[in-house]
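*Asks:* Below you'll find the structure I mean.
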Amino acid sequence: MGWYRAREFEFDPRVCRGVHVGGCVAGRRWPRPSDWDVEAHAHNTDADPWSGWICVASERSLFTASRRPTRVMVHEYAHLLAPNSRHGAAWQEAITELGYPSEAEWHRPRPVRRTSRRRAA
Ligand SMILES: [Zn+2]
Ligand SMILES: [Zn+2]
């Protein structure tokens, strides 16, 4: 448990109020056993009194070996830059500007490819 300042990630402190590690800053029961695969989340809705906070399950998700914010952290920071949005156009634009266009691509809805079930006779 602990928390970090936006500056430690070179994030804008007016956008990111803090990074909370080891649970959810709002006291929400998280992570639950069912979402251990979710490494982090951002509070980015106006209705949320904790808006501007990023919650991270484990310290391992914070920094790369060269002390840069991880892809996970940048992903969550993009959520703060695009408030009240999930992975829509505003978020995709933010993550692309932060240097991860491939991350935006991953969350872009993909056309469902219909495979023909008809067998050759
Ligand atoms: Zn939280
Ligand atoms: Zn996300």
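Chains: A, B, ... in order of the structure tokens. Residues: from 1 per chain. Ligands: from 1, in order shown.
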Please, which residues have at least one atom within 8 Å of an atom of ligand 2, using only C-alpha atoms and all ligand atoms, listed as an NGL selection string?

*Replies:* :A and (41-42 or 75-76 or 79 or 86-87)

*Asks:* Could you list, as a list in words, all protein and nucleic acid residues with an atom at most 7 Å from ligand 1, counting only C-alpha atoms and all ligand atoms?

*Replies:* Gly23, Cys24, Val25, Ala26, Arg28, His41, Ala42, His43, Ile54 and Cys55 of chain A

*Asks:* Smallest atom-to-atom distance to Ser61 in chain A: which of A:Leu98, A:Cys16, A:Val38, A:Ala6, using only C-alpha atoms?

*Replies:*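 The closest residue to Ser61 in chain A is A:Val38.
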
*Asks:* Provide the CA of Arg5 in chain A to CA of Met73 in chain A distance in Å, to one decimal place.

*Replies:* 12.6 Å

*Asks:* Go ahead and compute the interatomic distance for CA of Ser102 in chain A and CA of Val15 in chain A, in Å to one decimal.

*Replies:*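 Pair CA of Ser102 in chain A / CA of Val15 in chain A returns 23.1 Å.
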
*Asks:* Could you check the closest approach to Trp3 in chain A for each of A:Ala89, A:Ile95, A:Ala78, A:Val19 and tell me which residue wins, using only C-alpha atoms?

*Replies:*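 Smallest distance to Trp3 in chain A is found for A:Val19.
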
*Asks:* Measure the distance from CA of Pro13 in chain A to CA of Ser51 in chain A in Å and round it to one decimal.

*Replies:*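 Spanning CA of Pro13 in chain A to CA of Ser51 in chain A is a straight-line distance of 12.5 Å.
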
*Asks:* So which residues of chain A fall under strand (DSSP E) by DSSP, listed as a list in words?

*Replies:*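 Put together, the selection reads Gly2, Trp3, Tyr4, Gly18, Val19, His20, Val21, Ala40, His41, Ala42, Trp53, Ile54, Cys55 and Val56 of chain A.
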
*Asks:* I need the residues from that last selection saved to file as a compact mmCIF listing (two decimals), in the first residue's frame (with N, CA and C atoms), if you can.

*Replies:*
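Dumped everything to result31.txt:
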# COMPACT_ATOMS: atom_id res chain seq x y z
N GLY A 2 0.43 2.23 -0.70
CA GLY A 2 1.16 3.48 -0.74
C GLY A 2 0.66 4.32 -1.90
N TRP A 3 1.25 5.49 -2.03
CA TRP A 3 0.85 6.30 -3.17
C TRP A 3 2.02 7.10 -3.71
N TYR A 4 1.89 7.47 -4.96
CA TYR A 4 2.93 8.18 -5.69
C TYR A 4 2.36 9.47 -6.25
N GLY A 18 -2.93 11.77 -8.21
CA GLY A 18 -2.10 10.83 -7.48
C GLY A 18 -2.27 9.42 -8.01
N VAL A 19 -1.33 8.57 -7.61
CA VAL A 19 -1.37 7.16 -8.01
C VAL A 19 -1.38 6.33 -6.73
N HIS A 20 -2.40 5.51 -6.58
CA HIS A 20 -2.58 4.71 -5.38
C HIS A 20 -2.23 3.26 -5.68
N VAL A 21 -1.40 2.66 -4.85
CA VAL A 21 -0.92 1.30 -5.11
C VAL A 21 -1.42 0.33 -4.05
N ALA A 40 -4.68 -2.14 -13.41
CA ALA A 40 -4.88 -0.77 -12.96
C ALA A 40 -6.20 -0.21 -13.48
N HIS A 41 -6.67 0.86 -12.85
CA HIS A 41 -7.82 1.58 -13.39
C HIS A 41 -7.68 3.06 -13.05
N ALA A 42 -8.42 3.88 -13.78
CA ALA A 42 -8.37 5.32 -13.56
C ALA A 42 -9.75 5.83 -13.16
N TRP A 53 -7.46 10.21 -10.00
CA TRP A 53 -6.59 9.20 -9.38
C TRP A 53 -6.46 7.96 -10.25
N ILE A 54 -5.28 7.38 -10.19
CA ILE A 54 -5.03 6.10 -10.85
C ILE A 54 -4.78 5.08 -9.73
N CYS A 55 -5.43 3.93 -9.80
CA CYS A 55 -5.21 2.86 -8.82
C CYS A 55 -4.49 1.71 -9.50
N VAL A 56 -3.46 1.20 -8.85
CA VAL A 56 -2.64 0.14 -9.42
C VAL A 56 -2.57 -1.00 -8.41

*Asks:* If we count only C-alpha atoms and set the cut-off at 9 Å, which residues sit around range 63-72 of chain A, ignoring sequence neighbours fewer than 2 positions away in its own chain? Please answer as a list in words.

*Replies:* Glu8, Phe9, Glu10, Glu39, Ala40, Glu59, Arg60, Ser61, Val74, His75, Glu76, Tyr77, Tyr100 and Glu103 of chain A

*Asks:* Deliver the residues from the most recent selection as a file, using C-alpha atoms, as a PDB file, in the first residue's frame.

*Replies:*
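In the end it all went to out_27.pdb:
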ATOM      1  CA  GLU A   8       7.285  10.705 -10.477  1.00  0.00           C
ATOM      2  CA  PHE A   9       5.763   9.616 -13.786  1.00  0.00           C
ATOM      3  CA  GLU A  10       6.212  13.023 -15.438  1.00  0.00           C
ATOM      4  CA  GLU A  39      -3.545  -4.279 -13.394  1.00  0.00           C
ATOM      5  CA  ALA A  40      -4.884  -0.769 -12.955  1.00  0.00           C
ATOM      6  CA  GLU A  59       4.140  -1.786  -7.611  1.00  0.00           C
ATOM      7  CA  ARG A  60       5.443  -3.924 -10.475  1.00  0.00           C
ATOM      8  CA  SER A  61       3.033  -2.165 -12.849  1.00  0.00           C
ATOM      9  CA  VAL A  74       0.313   5.593 -19.774  1.00  0.00           C
ATOM     10  CA  HIS A  75      -2.929   3.792 -20.648  1.00  0.00           C
ATOM     11  CA  GLU A  76      -4.502   4.994 -17.382  1.00  0.00           C
ATOM     12  CA  TYR A  77      -3.090   8.504 -17.742  1.00  0.00           C
ATOM     13  CA  TYR A 100       1.246   4.340 -28.032  1.00  0.00           C
ATOM     14  CA  GLU A 103      -2.617   0.646 -27.863  1.00  0.00           C
TER      15      GLU A 103
END

*Asks:* From the list A:Ala47, A:Arg17, A:Gly88, A:Ala57, which residue is nearest Trp106 in chain A when using only C-alpha atoms?

*Replies:*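 Looking only at the distances to Trp106 in chain A, the closest residue turns out to be A:Gly88.
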
*Asks:* Mind checking which residues fall within 7 Å of range 92-94 of chain A, counting only C-alpha atoms, ignoring those fewer than 6 positions away in the same chain, and posting them as a PyMOL selection string?

*Replies:* chain A and resi 78+81-82+104

*Asks:* Please return, as a PyMOL selection string, all residues of chain A that DSSP assigns to helix (DSSP H, G or I) on the basis of the backbone.

*Replies:* chain A and resi 6-9+33-35+59-61+71-81+89-97+101-107

*Asks:* Would you mind exporting the chosen residues as a short mmCIF file (atom, residue, chain, number, x, y, z; two decimals), in the first residue's frame, restricted to N, CA and C atoms?

*Replies:*
data_model
loop_
_atom_site.label_atom_id
_atom_site.label_comp_id
_atom_site.auth_asym_id
_atom_site.auth_seq_id
_atom_site.Cartn_x
_atom_site.Cartn_y
_atom_site.Cartn_z
N ALA A 6 2.14 12.44 -9.24
CA ALA A 6 2.14 12.50 -10.71
C ALA A 6 3.54 12.79 -11.26
N ARG A 7 4.27 13.66 -10.58
CA ARG A 7 5.61 14.07 -11.02
C ARG A 7 6.56 12.89 -11.20
N GLU A 8 6.39 11.86 -10.39
CA GLU A 8 7.28 10.71 -10.48
C GLU A 8 7.13 9.96 -11.80
N PHE A 9 6.00 10.23 -12.48
CA PHE A 9 5.76 9.62 -13.79
C PHE A 9 5.87 10.65 -14.90
N PRO A 33 -10.64 -11.36 -6.70
CA PRO A 33 -9.99 -12.52 -7.33
C PRO A 33 -10.32 -12.65 -8.82
N SER A 34 -11.53 -12.23 -9.21
CA SER A 34 -11.93 -12.38 -10.60
C SER A 34 -11.23 -11.39 -11.52
N ASP A 35 -10.71 -10.27 -10.97
CA ASP A 35 -10.04 -9.34 -11.88
C ASP A 35 -8.58 -9.10 -11.55
N GLU A 59 3.03 -2.69 -7.31
CA GLU A 59 4.14 -1.79 -7.61
C GLU A 59 4.83 -2.16 -8.92
N ARG A 60 4.76 -3.46 -9.26
CA ARG A 60 5.44 -3.92 -10.48
C ARG A 60 4.90 -3.26 -11.73
N SER A 61 3.65 -2.76 -11.66
CA SER A 61 3.03 -2.16 -12.85
C SER A 61 3.39 -0.69 -13.03
N ARG A 71 3.53 0.92 -19.93
CA ARG A 71 2.42 1.05 -20.87
C ARG A 71 1.09 1.12 -20.11
N VAL A 72 0.98 0.35 -19.02
CA VAL A 72 -0.24 0.34 -18.20
C VAL A 72 -0.49 1.73 -17.61
N MET A 73 0.57 2.36 -17.10
CA MET A 73 0.42 3.69 -16.49
C MET A 73 0.02 4.73 -17.54
N VAL A 74 0.63 4.64 -18.70
CA VAL A 74 0.31 5.59 -19.77
C VAL A 74 -1.13 5.38 -20.24
N HIS A 75 -1.55 4.13 -20.29
CA HIS A 75 -2.93 3.79 -20.65
C HIS A 75 -3.91 4.48 -19.69
N GLU A 76 -3.61 4.39 -18.38
CA GLU A 76 -4.50 4.99 -17.38
C GLU A 76 -4.43 6.52 -17.41
N TYR A 77 -3.24 7.05 -17.66
CA TYR A 77 -3.09 8.50 -17.74
C TYR A 77 -3.92 9.05 -18.92
N ALA A 78 -3.94 8.30 -20.01
CA ALA A 78 -4.76 8.70 -21.16
C ALA A 78 -6.23 8.78 -20.77
N HIS A 79 -6.67 7.90 -19.84
CA HIS A 79 -8.05 7.96 -19.36
C HIS A 79 -8.30 9.29 -18.63
N LEU A 80 -7.31 9.77 -17.89
CA LEU A 80 -7.47 11.03 -17.17
C LEU A 80 -7.49 12.21 -18.14
N LEU A 81 -6.75 12.07 -19.24
CA LEU A 81 -6.72 13.14 -20.24
C LEU A 81 -8.01 13.17 -21.06
N ALA A 89 -13.01 7.64 -28.92
CA ALA A 89 -12.14 8.44 -29.78
C ALA A 89 -11.22 9.36 -28.99
N ALA A 90 -11.73 10.00 -27.92
CA ALA A 90 -10.91 10.94 -27.14
C ALA A 90 -9.74 10.21 -26.48
N TRP A 91 -10.02 9.02 -25.93
CA TRP A 91 -8.96 8.23 -25.30
C TRP A 91 -7.95 7.75 -26.33
N GLN A 92 -8.44 7.30 -27.46
CA GLN A 92 -7.54 6.82 -28.52
C GLN A 92 -6.61 7.91 -28.99
N GLU A 93 -7.15 9.14 -29.06
CA GLU A 93 -6.32 10.28 -29.47
C GLU A 93 -5.25 10.56 -28.41
N ALA A 94 -5.66 10.51 -27.13
CA ALA A 94 -4.73 10.79 -26.03
C ALA A 94 -3.60 9.75 -26.00
N ILE A 95 -3.93 8.48 -26.10
CA ILE A 95 -2.91 7.43 -26.01
C ILE A 95 -1.98 7.49 -27.23
N THR A 96 -2.50 7.89 -28.36
CA THR A 96 -1.67 8.02 -29.56
C THR A 96 -0.67 9.15 -29.36
N GLU A 97 -1.14 10.28 -28.81
CA GLU A 97 -0.25 11.41 -28.56
C GLU A 97 0.81 11.09 -27.52
N PRO A 101 0.36 4.47 -30.30
CA PRO A 101 -0.71 4.29 -31.30
C PRO A 101 -1.19 2.84 -31.39
N SER A 102 -0.29 1.89 -31.07
CA SER A 102 -0.69 0.48 -31.14
C SER A 102 -1.72 0.15 -30.08
N GLU A 103 -1.66 0.84 -28.95
CA GLU A 103 -2.62 0.65 -27.86
C GLU A 103 -4.00 1.12 -28.32
N ALA A 104 -4.06 2.25 -29.03
CA ALA A 104 -5.32 2.75 -29.57
C ALA A 104 -5.88 1.75 -30.56
N GLU A 105 -5.00 1.22 -31.37
CA GLU A 105 -5.41 0.24 -32.40
C GLU A 105 -6.05 -0.98 -31.76
N TRP A 106 -5.46 -1.43 -30.67
CA TRP A 106 -5.93 -2.61 -29.96
C TRP A 106 -7.37 -2.44 -29.46
N HIS A 107 -7.72 -1.22 -29.04
CA HIS A 107 -9.05 -0.97 -28.48
C HIS A 107 -10.05 -0.48 -29.52
#

*Asks:* Go through A:Pro31, A:Pro109, A:Asp12, A:Asn44 one by one, measure the shortest atom-to-atom distance of each to Ser58 in chain A using only C-alpha atoms, and give the residue with the smallest value.

*Replies:*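 Ranking A:Pro31, A:Pro109, A:Asp12, A:Asn44 by distance to Ser58 in chain A, first place goes to A:Pro31.
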